[in-house]
Each structure stands twice: as structure tokens, then as C-alpha cells.
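Participant: Dumping the structure here so I can ask a few things about it.
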Amino acid sequence: MKQQPGPIVVAAILLSLLGSSAPASAQEKYEKPPQAVLDVLNAPLPPAIYLSPHRDLLLLAQTVRYPAIADLAEPMLALAGIRVNPRTNAERSYISYSTALTLKKIPGGAESPIVLPESVRRIGRPLWNSSGVLFAFTNEAADGIELWVCDARTLAARVIAGVHVNPLLGDAVQWLPDQKTLLVKMVPPGRGAAPEPPPVPPGPKVQDSAGVAVASSTYEVRDVLKTPHDADLFEHYATSQLALVDAATARVTPIGPPAVYYGVSPAPGGRYLLVERILRPYSYLRAFYRFPKDIEVWTTAGQPVETLARLPLAEAVPNYGVPTGPRDHSWCPTEPATLLWIEALDNGDPKVKAAFRDRVMRRPLPGRAAEFCKTIARFNNMDWVEDGRLALVSDYDPDRNWTRTSIHDARRPTATPRLLWDMSTDEKYRHPGYPIYRMLANGAVAIQKQGDWIYLNGLGASPDGDRPFLDRLNLSTLKSERLFRSDRSSFEVFGALVDAASGTFITRRESPLDPPNYYLRTLAGKAVAGLAPGESAWNSTAAAITSFPDPAPQLRGIKRQLVSFKREDGVPLSFMLCLPPGYQPGTRLPTVLWAYPIEYTEKGVAGQVEGSSQRFTLPTGSSQLFFLLQGYAVLDAAAMPVIGPRETFYDTFPEQIVANARAAIAKAVEMGVTDPERVGVGGHSHGALMTANLLVYSDLFRAGIARSGAFNHTLRPFGFQNEKRTLWQARDTYIKLSPVLQADKVNEPLLLIHGAVDQNPGTVTMQSEKLYDALRGIGATVRLCLLPYESHGYIARESIEHVLYEMLSWFDRHVKNAPPRPSN
């Protein structure tokens with residue numbers, strides 16, 4: 001164990017934190033990683049797939065993998081939790097678009113390109129109507145976001161004149177139940193210029209708590225509203241005009257007045273709209289979803305019917321709690337006009353003891369509201385079976401990481417629900433899978449049903465790795481039957497049901513040598529008896545739908561092996577051992593351990609294995625797997641469990657992550673692949689905190705890479721990650737887990753990388769700046785790289801290339817070519 005800091009060192013740390021956060025070097029130019037890495041980064045990826053509702057067409061979208069830094073450098077306003085490009089009104093928290101669209105018939109049909117003008121090269125996510133005849137998409141043009149509609153029969157696409165879509169605050173484009181009309185949130189025509197800031201501040205900014213406790217997760221200061229002018233800008237850019245667009249004639253009919261619409265959704269019967277309008281006064285502490293709002297019902301023509309609720313500003317919601325009053329209004333997807341919403345029975349406070357946390361309310365229009373059911377823990381989800389008779393209702397207990405799912409009969413709301421699943425949310429081996437949905441004729445989505453059966457799909461985790469499956473569950477007997485399971489030589493995951501009656505479904509299959517491609521499978525009768533547990537009781541045949549080529553054949557020499565072992569206290573652990581092309585057995589390599597710590601309340605599930613050695617290897621972005629191209633072994637997704645009661649598992653966080661890392665390194669050394677004197681550690685976000693603490697509390701590693709992490713928990717004193725206690729309730733733990741306050745114990749080189757405009761509330765950019773200041777102040781070897789315009793994850797091509805350059809250079813210098821450790 002490393003020694004505790006002395007008073008002189010503590011003073012040095014504190015003095016360094018009072019100084020400037022500016023790095024020692026000036027602005028640098030973007031660098032590029034080695035050519036072998038660039039070749040993989042530049043390899044063409046297959047298109048994104050959008051399957052039609054009838055499963056007879058694939059819409060292929062050629063996506064831009066890495067936007068240019070110029071895209072991110074566009075003007076951006078951070079307003080109440082949204083980030084907007086003022087030129088186009090586009091949301092700028094993340095940039096993703098496609099440049100071309102192609103239609104392909106299933107199975108094995110010819111591909112037909114959608115002919116679009118050269119100006120249409122920033123295409124948004126396509127949206128099919130339920131008949132699979134039409135799809136809508138957006139295009140970000142120079143002056144706004146256009147709306148386009150394409151006929152899949154004729155391949156003809158046209159722009160809707162006079163419409164600029166406003167994508168802020170929820171769904172901006174939806175099909176009405178007639179599936180011929182689009183409900184669109186538009187930028188109000190003739191909106192005018194944005195409000196100008198006042199030439200002189202009207203006065204000081206004052207906040208007064210008036211003795212009311214308001215302790216909940218805080219947003220980065222740049223993303224909440226800070227001034228009345230910010231509030232005016234939020235209202236300007238978030239205000240929409242609702243409109244109905246006839247897809248056949250392109251006629252645009254405005255409905256209702258312009259307003260800040262949070263959510264708008266059509267009733268399945270087509271007569272009504274559920275409308276949420278955000279109102280003033282806005283909060284200067286919280287994001288837009290805590291602002292006051294009116295919940296209303298309109299006719300589809302835009303005439304008000306009634307106000308369902310007027311919800312006040314919700315600034316004082318308890319940590320891990322919910323607002324009081326009705327919340328989460330929605331339509332029942334299987335009825336023409338039945339409203340559903342949730343109400344807290346514990347004042348929204350998890351600290352209040354209550355027999356039931358929430359209740360679900362149900363109200364047909366016209367009609368009166370009635371209680372549909374109650375949940376013992378906090379309501380989590382409700383799914384309706386497509387015939388409208390049954391609903392699956394789930395709750396979640398965060399103290400236990402536990403969930404229950406019950407079946408409720410809509411015809412007998414007073415009947416005792418049947419318990420379907422009762423398990424840890426961390427359970428992998430016995431996870432039953434997730435229900436499969438289908439789009440109804442009115443565009444609503446519900447759980448697909450065939451006779452008494454519904455269908456479930458999951459990853460199929462096992463001690464040997466993931467083997468995805470398709471099951472069917474009998475709603476009468478609650479017994480399931482396995483229809484399909486990926487074989488042991490591939491990773492084949494369920495995609496969509498085509499025809500449940502005939503047993504046809506779509507999968508995506510890949511293997512270490514075969515790139516991911518799509519297949520049409522058909523069940524072909526029961527398999528022989530005597531199957532091992534978990535195997536499919538059915539045979540099936542497969543016909544190829546796509547034949548995407550291998551974009552990077554030079555990677556096929558990479559070897560992947562799922563390795564299991566145990567921690568000193570007997571907790572099972574695992575990692576995916578990845579070895580570089582041309583590896584010779586018995587050669588000890590410099591090694592990268594990359595991990596993300598996960599907290600568990602149940603010891604029995606903490607060691608369950610995730611991942612598959614049968615995946616196709618194609619690293620993208622700033623992946624740690626690029627180290628393989630430079631001769632490193634990578635212990636990828638190394639299990640990093642932290643186990644204990646929810647209230648106290650962070651008390652032993654350092655000890656447990658050190659034990660995990662020690663066991664992983666020992667296993668890799670035992671296998672003959674790792675040089676124990678040349679091991680580096682890295683992680684992103686919570687994994688960055690892990691990395692810094694491993695350097696604080698151990699000498700297992702020669703160097704570390706910590707990306708977009710949080711390193712001083714006293715800056716978020718009302719809880720971090722899954723820590724529910726406040727700083728004043730767990731002072732020692734907050735300080736123990738804050739590398740900024742333990743900086744003098746770090747005697748290994750540390751590379752810090754952070755987006756300059758990190759939007760994640762817990763990992764503001766200052767966190768890395770202050771750890772850099774602390775380490776620099778005591779003379780440690782540390783480097784800080786701040787990426788212009790990047791948020792929590794990095795997306796620009798120039799950023800990705802530079803991050804890989806930094807990572808590879810850092811470990812080449814401090815791990816691969818590290819000098820011998822000094823003798824004590």
C-alpha cells in the first residue's frame with residue numbers, strides 16, 4: 001500500500017489547485033496515428049439498416065462514420081440541457097447523418113438507389129409508415145432542416161416545401177394513425193431573428209434557497225440557463241408550430257398556436273393528440289424536463305379538449321426520486337383513446353417508507369380515471385400485448401438492483417396480477433430476454449402475439465460466452481420454448497420476426513472470419529431429443545439477405561479468447577484476451593487492461609461472463625483494440641465488479657478494483673502472453689476514475705490513460721455514479737475515491753483526455769483539468785489533452801485520430817518501451 005501524503009505534499013496539492021488550469025504547452029495541431037491504424041479507420045463500413053414494417057424491404061443508409069471537426073465547430077448554444085446550432089435549429093449533442101439511401105427487397109433482391117439532389121447529403125434517420133409504402137426523412141440544409149417523403153414503390157422522393165423541422169425536445173416527425181399524414185414540429189414560419197443580449201446586465205445574479213433543501217444531480221454550468229437572455233434564447237429556438245403534412249399532396253396545415261412543445265403524440269384511433277407544453281418560469285438550476293408544463297388533449301385538428309394536468313417547476317426532486325403529481329402520460333397503444341399515466345404514492349421520495357411506490361392510472365376518452373395497478377417498487381415500464389388484453393408491468397428497486405415484471409389483465413383490473421419475472425437487474429445467465437414488438441396498422445407498437453405465445457430475444461449469456469436466442473413464451477402456462485440459439489462457432493443475433501405463423505425471422509450473423517450479414521431463417525421442424533439445457537428445440541434453415549464484404553482483411557489475424565479466472569476472495573472474473581496478428585505463442589507482450597467498473601449488490605451475479613469470442617473484430621472510433629496493431633495484447637472488457645450493500649459498496653471500491661486488476665494480470669502472465677513489467681491500464685468515464693484510483697492505490701501498472709472521467713467527488717457532494725450518500729454522510733469515502741486529493745500517491749505516468757464541452761453532468765471538463773493541476777503541482781508525469789468541441793464521447797475524425805495518436809504514443813513511451821522499474 002502506498003504511503004499517506006505528508007503535510008508538505010498536501011499543501012503542494014492545494015496550491016496547485018489554486019493556480020491556473022492552463023496546460024504547460026500551447027495549442028497543438030491535430031496528429032495522426034500510424035498508417036496501419038488509419039487504414040482501418042478509413043475502411044468502408046456497411047450501411048445502416050432500416051427494416052420495413054412488413055419485413056419485405058431493407059432501407060440501406062450510407063452513414064458518415066466520423067464527421068469533420070468543422071461540423072462540431074459550428075456555432076452552438078447550450079440551453080437548459082439541449083445544444084442547438086442557431087443556423088439550422090439542429091440539435092447538436094451528437095452529430096450523425098447519412099449521405100445516400102438504397103432500397104433492397106428481401107430476400108436477395110436487387111438494390112435500387114433513391115435518387116436525391118446533390119444538396120441532400122445530411123440525411124437523418126428514416127421513418128417508415130406502417131404499410132411499408134412510404135418513409136419520411138430529414139435533411140440538414142444550409143438554412144434549416146428539410147422534410148422529405150419517399151414512395152418505396154416508385155422510389156420517388158420529394159421535399160415538403162415551406163417546412164423547416166424543429167428537432168428539439170422530442171419527436172419532431174411522426175405518422176398519424178391514417179399512415180398518410182405526418183405530424184410535424186416546425187420552426188414557426190417568419191420566426192425572425194434571435195433575441196439580442198442586453199447591452200448592460202440588468203443586475204446581479206442572485207440565488208436564494210430560503211431554507212429549502214434542493215439536492216439532486218446538477219448539470220454543468222454551461223448547459224443550464226444562466227441569464228434571462230438565455231431563457232429568451234431557449235424559448236426562441238425551442239418554440240415550434242405544429243402542422244399536419246399530407247404525404248400525397250404535400251399540403252401543410254398548421255394546427256394550434258406556436259409554443260414550446262415538449263411532447264406531442266397522436267391517439268391510436270386518430271381523433272386526439274396528447275400535448276405537453278413547457279411554460280415559464282424556467283429553472284436556472286435544472287434542465288428543460290423539470291420546467292413547468294401543461295398536459296393537454298387536443299383534437300387532431302388542433303382544438304383544445306381539456307387540460308389533464310398543470311405541473312409546476314420541479315427543482316426540489318429528491319435524489320433518485322421522481323416529481324410528485326401525474327407523470328409520464330401516454331396512450332394505450334391497443335385502444336382508440338385511452339390515457340395512461342403514473343402517480344407517486346411516496347411523495348416521489350425513495351426515503352419515505354411505503355407499501356407501494358407508484359400507481360398506474362388509466363382513463364378512456366371520454367370517461368373517468370381509474371387505478372389500473374400499483375407497483376411495490378418504482379414503476380419502470382409497461383408493455384401492452386397487441387390484442388389489448390394483457391399488459392406487462394415492471395418495477396425497479398434501486399437499493400437491491402432488482403426488478404419484477406407482472407402480467408395484468410385489462411379485462412379484470414382488480415384481479416391479482418401474475419408474477420412473470422423476479423430477478424436482479426444484473427442477472428445475465430437466467431435473463432429471460434426482451435419482448436418482441438410489432439408495428440400495428442395505426443403505427444402504434446405493441447408486443448407481438450401468435451395464439452397464446454409472445455416472443456422473447458436475448459444475448460444468452462453463459463459461462464462460455466454469449467449465445468443469442470429466440471424464445472416463445474406461453475402466456476397461459478408461463479413456460480417458454482427455445483426456437484433458435486446461435487451456434488458455438490458464430491455470433492448470430494435475432495433481428496426481427498417476419499411471419500410468426502410460418503416461423504420466419506431475420507438474424508444478423510458474424511464470426512471471427514465473417515463480417516456481419518443478415519439472413520432470413522425459417523424454422524424447419526423439431527430437433528432430436530436429448531438436447532443440452534438451453535439449446536434450441538427446433539431446426540432452422542438460413543438464406544442470405546446481404547453480402548457485405550470484409551472491410552479490413554488485415555485484421556483477421558487477430559485472435560480472441562474468453563478467459564475466466566477468480567479473484568483472491570473467490571469472485572469469478574473474466575476478460576476477453578485479444579492478441580495481435582502474427583502472435584507467436586509463448587511471447588510475452590506489452591499489455592493493455594481496459595475496463596469499466598460495475599457495482600453489484602448480489603455476489604452471485606457479479607462474476608457472470610459477458611461477451612463472445614466469436615465476434616467479428618473491427619475496431620472503430622478511439623477503441624482500445626487499435627493497440628493490437630502496434631503489437632500489444634489487450635485484456636478487453638476486464639471484469640471489474642465492486643460488490644456490497646448499495647449503501648456502502650464504494651467504501652471498498654479501491655481495494656476491490658485493485659484485487660480485480662491483480663487477478664487479471666496474474667492470469668495473463670500465467671498464460672504466457674503478458675510481460676508483468678509492461679502493463680498499462682485505461683478506461684473511459686467511470687473507467688477513468690478506476691484508472692486513476694488503480695494508480696493511486698497500486699503499483700501494478702507502468703502508466704494509465706483516463707478519458708473523460710471525474711476525479712474530485714467533493715465537486716458533486718450529493719452523490720456520484722451509484723453513490724447515494726452525500727459528502728457529509730460519507731466524507732472519508734468521497735475523499736478516498738478522489739484522485740485529486742490523493743495525487744501524491746500517483747507515481748506512474750497518466751494521460752488525461754477530455755472533451756472540452758463535456759455534457760455529462762458528472763464529468764465536467766474541469767475534473768481532468770484539476771487532476772492535471774494537482775499532478776503537475778507535485779511533479780508527476782502527466783499529460784492533458786482537451787479536445788475542442790467534443791462532449792463525453794469523441795466523434796470528429798480529427799479528434800478520433802488525435803486520441804489514438806495520444807494513446808499509442810503514451811503507452812509506447814511509458815509501457816512498451818518503459819525502462820526497468822527503479823529498485824527500492
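We label chains A, B, ... in the order they appear in the C-alpha cells, count residues from 1 in each chain, and number ligands from 1 in the order shown.
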For the strand (DSSP E) assignment from backbone DSSP, which residues of range 619-751 of chain A qualify? Please present them as a list in words.

Facilitator: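 Those residues are Ala633, Val634, Leu635, Asp636, Ala637, Ala638, Pro641, Val642, Ile643, Thr674, Asp675, Pro676, Glu677, Arg678, Val679, Gly680, Val681, Gly682, Gly683, His684, Ala703, Gly704, Ile705, Ala706, Arg707, Leu750 and Leu751 of chain A.
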
Participant: Now that the selection is made, can you save its residues with C-alpha atoms as a short mmCIF file (atom, residue, chain, number, x, y, z; two decimals), in the first residue's frame?

Facilitator:
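And here's out31.cif as it stands now:
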```
data_model
loop_
_atom_site.label_atom_id
_atom_site.label_comp_id
_atom_site.auth_asym_id
_atom_site.auth_seq_id
_atom_site.Cartn_x
_atom_site.Cartn_y
_atom_site.Cartn_z
CA ALA A 633 -2.05 -7.77 -26.06
CA VAL A 634 -5.36 -6.32 -24.86
CA LEU A 635 -7.30 -7.61 -21.86
CA ASP A 636 -10.57 -6.17 -23.11
CA ALA A 637 -13.72 -5.70 -21.04
CA ALA A 638 -11.87 -6.99 -17.99
CA PRO A 641 -17.02 -5.83 -10.07
CA VAL A 642 -17.44 -3.84 -6.86
CA ILE A 643 -19.68 -5.85 -4.56
CA THR A 674 1.78 -10.71 -20.70
CA ASP A 675 5.03 -9.16 -19.57
CA PRO A 676 4.19 -8.16 -15.98
CA GLU A 677 6.68 -5.28 -16.18
CA ARG A 678 4.90 -3.75 -19.19
CA VAL A 679 1.20 -3.41 -18.38
CA GLY A 680 -0.85 -0.26 -18.85
CA VAL A 681 -4.41 0.46 -17.75
CA GLY A 682 -7.12 2.58 -19.31
CA GLY A 683 -10.77 3.44 -19.14
CA HIS A 684 -13.41 5.97 -20.15
CA ALA A 703 1.15 4.00 -16.94
CA GLY A 704 -2.51 4.89 -17.34
CA ILE A 705 -4.96 6.52 -19.76
CA ALA A 706 -8.02 8.17 -18.21
CA ARG A 707 -10.60 9.59 -20.63
CA LEU A 750 -1.01 9.38 -16.55
CA LEU A 751 -2.54 10.61 -19.80
#
```

Participant: When you look at Ile753 in chain A with a cut-off of 8 Å (counting only C-alpha atoms), what residues show up, excluding the ones that are within fewer than 4 positions of it in the same chain? I need them as a VMD selection string.

Facilitator: chain A and resid 705 to 708 768 784 to 787 803

Participant: Please identify all polymer residues within 9 Å of Arg310 in chain A, counting only C-alpha atoms, omitting same-chain residues fewer than 5 positions from it, and present them as a list in words.

Facilitator: Pro292, Lys293, Asp294, Ile295 and Glu296 of chain A

Participant: Identify which of the residues A:Gly388, A:Gly672, A:Pro326, A:Pro432 lies closest to Met361 in chain A, counting only C-alpha atoms when measuring atom-to-atom distances.

Facilitator: A:Pro326

Participant: Range 85-92 of chain A: which residues within 12 Å, counting only C-alpha atoms, same-chain residues fewer than 4 positions away excluded, as JSON, numbers by chain?

Facilitator: {"A": [71, 72, 73, 74, 75, 76, 77, 78, 79, 81, 96, 97, 122, 124, 138, 139, 140, 141, 142, 143, 144, 145, 146, 164, 165, 166, 167, 168, 169, 170, 171, 172, 185, 186, 187, 188, 191, 193, 194, 195, 233, 234, 236, 237, 238, 239, 240, 757, 759, 789, 790, 791, 795]}

Participant: Hey, what's within 8 Å of Ala743 in chain A if we count only C-alpha atoms and toss same-chain stuff fewer than 6 positions away? As a list in words, please?

Facilitator: Ile13, Val696, Leu771, Ala774, Leu775 and Ile778 of chain A

Participant: Go through range 291-324 of chain A residue by residue and, counting only C-alpha atoms, keep those with an atom at most 9 Å from range 330-349 of chain A; for each kept residue give the shortest atom pair and its distance in Å to one decimal, ordered by chain and increasing number, as a tab-separated table.

Facilitator:
```
residue	atom	partner	partner_atom	distance
A:Val317	CA	A:Gly348	CA	7.5
A:Pro318	CA	A:Asp349	CA	5.9
A:Asn319	CA	A:Asp349	CA	8.0
A:Tyr320	CA	A:Asp349	CA	7.8
A:Gly321	CA	A:Asp349	CA	5.1
A:Val322	CA	A:Gly348	CA	4.6
A:Pro323	CA	A:Gly348	CA	5.6
A:Thr324	CA	A:Gly348	CA	5.5
```

Participant: Store the residues picked out above, limited to N, CA and C atoms, as a JSON list (two decimals), in the first residue's frame.

Facilitator:
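Final output, again-v1.json:
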```json
[["chain", "number", "residue", "atom", "x", "y", "z"],
["A", 317, "VAL", "N", -36.73, 17.83, -6.58],
["A", 317, "VAL", "CA", -36.96, 16.39, -6.62],
["A", 317, "VAL", "C", -35.83, 15.69, -5.86],
["A", 318, "PRO", "N", -36.14, 14.80, -4.94],
["A", 318, "PRO", "CA", -35.09, 14.13, -4.17],
["A", 318, "PRO", "C", -34.16, 13.32, -5.06],
["A", 319, "ASN", "N", -32.93, 13.11, -4.60],
["A", 319, "ASN", "CA", -32.02, 12.23, -5.31],
["A", 319, "ASN", "C", -32.66, 10.86, -5.50],
["A", 320, "TYR", "N", -32.61, 10.35, -6.72],
["A", 320, "TYR", "CA", -33.18, 9.06, -7.07],
["A", 320, "TYR", "C", -34.70, 9.02, -6.89],
["A", 321, "GLY", "N", -35.32, 10.20, -6.83],
["A", 321, "GLY", "CA", -36.75, 10.28, -6.70],
["A", 321, "GLY", "C", -37.41, 10.71, -7.99],
["A", 322, "VAL", "N", -38.71, 10.99, -7.90],
["A", 322, "VAL", "CA", -39.49, 11.43, -9.06],
["A", 322, "VAL", "C", -40.35, 12.61, -8.63],
["A", 323, "PRO", "N", -40.80, 13.43, -9.57],
["A", 323, "PRO", "CA", -41.69, 14.54, -9.21],
["A", 323, "PRO", "C", -43.03, 14.02, -8.67],
["A", 324, "THR", "N", -43.65, 14.80, -7.83],
["A", 324, "THR", "CA", -44.99, 14.47, -7.36],
["A", 324, "THR", "C", -45.99, 14.81, -8.45]]
```

Participant: Restricting the calculation to only C-alpha atoms, which member of A:Ala501, A:Val184, A:Ile800, A:Ile69 is positioned closest to Gln241 in chain A?

Facilitator: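 So, comparing all the options, the nearest one is A:Val184.
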
Participant: Which residue gives the smallest distance to Gly109 in chain A among A:Thr714, A:Ser547, A:Ser564, A:Gln767, with only C-alpha atoms counted?

Facilitator: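 That would be A:Ser547, the residue with the smallest distance to Gly109 in chain A.
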
Participant: May I ask which of the residues A:Pro515, A:Gly433, A:Pro413, A:Pro228 is the closest one to Lys205 in chain A, counting only C-alpha atoms?

Facilitator: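 Result for the nearest residue to Lys205 in chain A: A:Pro228.
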
Participant: Which is closest to Arg286 in chain A among A:Pro761, A:Pro597, A:Pro268, A:Pro512, if we use only C-alpha atoms?

Facilitator: A:Pro761

Participant: Set the distance at 10 Å and use only C-alpha atoms: which residues neighbour Ser265 in chain A once local chain neighbours fewer than 6 positions away are removed? I'd like the list as a list in words.

Facilitator: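 Using only C-alpha atoms, the neighbours found are Asp171, Gln174, Trp175, Leu176, Leu183, Tyr272, Leu273, Leu274, Val275, Glu276, Val297, Thr300, Ser330 and Trp331 of chain A.
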
Participant: Can you spit out the residues from that selection as a PDB file, in the first residue's frame, using N, CA, C and O atoms?

Facilitator:
```
ATOM      1  N   ASP A 171     -39.863  13.912 -30.330  1.00  0.00           N
ATOM      2  CA  ASP A 171     -40.099  13.518 -31.722  1.00  0.00           C
ATOM      3  C   ASP A 171     -40.587  14.714 -32.527  1.00  0.00           C
ATOM      4  O   ASP A 171     -41.571  15.377 -32.167  1.00  0.00           O
ATOM      5  N   GLN A 174     -43.777  12.455 -36.999  1.00  0.00           N
ATOM      6  CA  GLN A 174     -44.485  11.215 -36.689  1.00  0.00           C
ATOM      7  C   GLN A 174     -45.574  10.992 -37.728  1.00  0.00           C
ATOM      8  O   GLN A 174     -46.158  11.942 -38.250  1.00  0.00           O
ATOM      9  N   TRP A 175     -45.870   9.727 -37.990  1.00  0.00           N
ATOM     10  CA  TRP A 175     -47.019   9.391 -38.827  1.00  0.00           C
ATOM     11  C   TRP A 175     -48.283   9.372 -37.972  1.00  0.00           C
ATOM     12  O   TRP A 175     -48.289   8.791 -36.877  1.00  0.00           O
ATOM     13  N   LEU A 176     -49.340   9.989 -38.456  1.00  0.00           N
ATOM     14  CA  LEU A 176     -50.636   9.868 -37.804  1.00  0.00           C
ATOM     15  C   LEU A 176     -51.190   8.469 -38.044  1.00  0.00           C
ATOM     16  O   LEU A 176     -50.733   7.753 -38.947  1.00  0.00           O
ATOM     17  N   LEU A 183     -47.381  14.275 -38.639  1.00  0.00           N
ATOM     18  CA  LEU A 183     -47.469  15.297 -37.601  1.00  0.00           C
ATOM     19  C   LEU A 183     -46.060  15.831 -37.394  1.00  0.00           C
ATOM     20  O   LEU A 183     -45.150  15.079 -37.033  1.00  0.00           O
ATOM     21  N   TYR A 272     -57.433  12.267 -31.424  1.00  0.00           N
ATOM     22  CA  TYR A 272     -56.871  13.186 -30.434  1.00  0.00           C
ATOM     23  C   TYR A 272     -55.348  13.261 -30.527  1.00  0.00           C
ATOM     24  O   TYR A 272     -54.689  12.371 -31.077  1.00  0.00           O
ATOM     25  N   LEU A 273     -54.831  14.328 -29.903  1.00  0.00           N
ATOM     26  CA  LEU A 273     -53.408  14.489 -29.688  1.00  0.00           C
ATOM     27  C   LEU A 273     -53.167  14.697 -28.199  1.00  0.00           C
ATOM     28  O   LEU A 273     -53.946  15.409 -27.534  1.00  0.00           O
ATOM     29  N   LEU A 274     -52.111  14.080 -27.678  1.00  0.00           N
ATOM     30  CA  LEU A 274     -51.642  14.338 -26.316  1.00  0.00           C
ATOM     31  C   LEU A 274     -50.503  15.346 -26.429  1.00  0.00           C
ATOM     32  O   LEU A 274     -49.499  15.081 -27.098  1.00  0.00           O
ATOM     33  N   VAL A 275     -50.662  16.503 -25.793  1.00  0.00           N
ATOM     34  CA  VAL A 275     -49.757  17.624 -25.997  1.00  0.00           C
ATOM     35  C   VAL A 275     -49.155  18.049 -24.660  1.00  0.00           C
ATOM     36  O   VAL A 275     -49.889  18.255 -23.682  1.00  0.00           O
ATOM     37  N   GLU A 276     -47.818  18.185 -24.613  1.00  0.00           N
ATOM     38  CA  GLU A 276     -47.127  18.701 -23.436  1.00  0.00           C
ATOM     39  C   GLU A 276     -46.465  20.018 -23.811  1.00  0.00           C
ATOM     40  O   GLU A 276     -45.596  20.053 -24.694  1.00  0.00           O
ATOM     41  N   VAL A 297     -55.127  17.601 -23.938  1.00  0.00           N
ATOM     42  CA  VAL A 297     -55.664  16.797 -25.032  1.00  0.00           C
ATOM     43  C   VAL A 297     -56.274  17.748 -26.048  1.00  0.00           C
ATOM     44  O   VAL A 297     -57.056  18.640 -25.692  1.00  0.00           O
ATOM     45  N   THR A 300     -57.250  16.223 -33.323  1.00  0.00           N
ATOM     46  CA  THR A 300     -56.183  16.182 -34.321  1.00  0.00           C
ATOM     47  C   THR A 300     -56.150  17.458 -35.148  1.00  0.00           C
ATOM     48  O   THR A 300     -55.109  17.821 -35.705  1.00  0.00           O
ATOM     49  N   SER A 330     -49.189   8.894 -21.508  1.00  0.00           N
ATOM     50  CA  SER A 330     -49.067   8.232 -22.806  1.00  0.00           C
ATOM     51  C   SER A 330     -50.424   7.662 -23.194  1.00  0.00           C
ATOM     52  O   SER A 330     -51.368   7.640 -22.401  1.00  0.00           O
ATOM     53  N   TRP A 331     -50.509   7.189 -24.438  1.00  0.00           N
ATOM     54  CA  TRP A 331     -51.709   6.494 -24.913  1.00  0.00           C
ATOM     55  C   TRP A 331     -51.511   4.991 -24.787  1.00  0.00           C
ATOM     56  O   TRP A 331     -50.416   4.478 -25.013  1.00  0.00           O
TER      57      TRP A 331
END
```
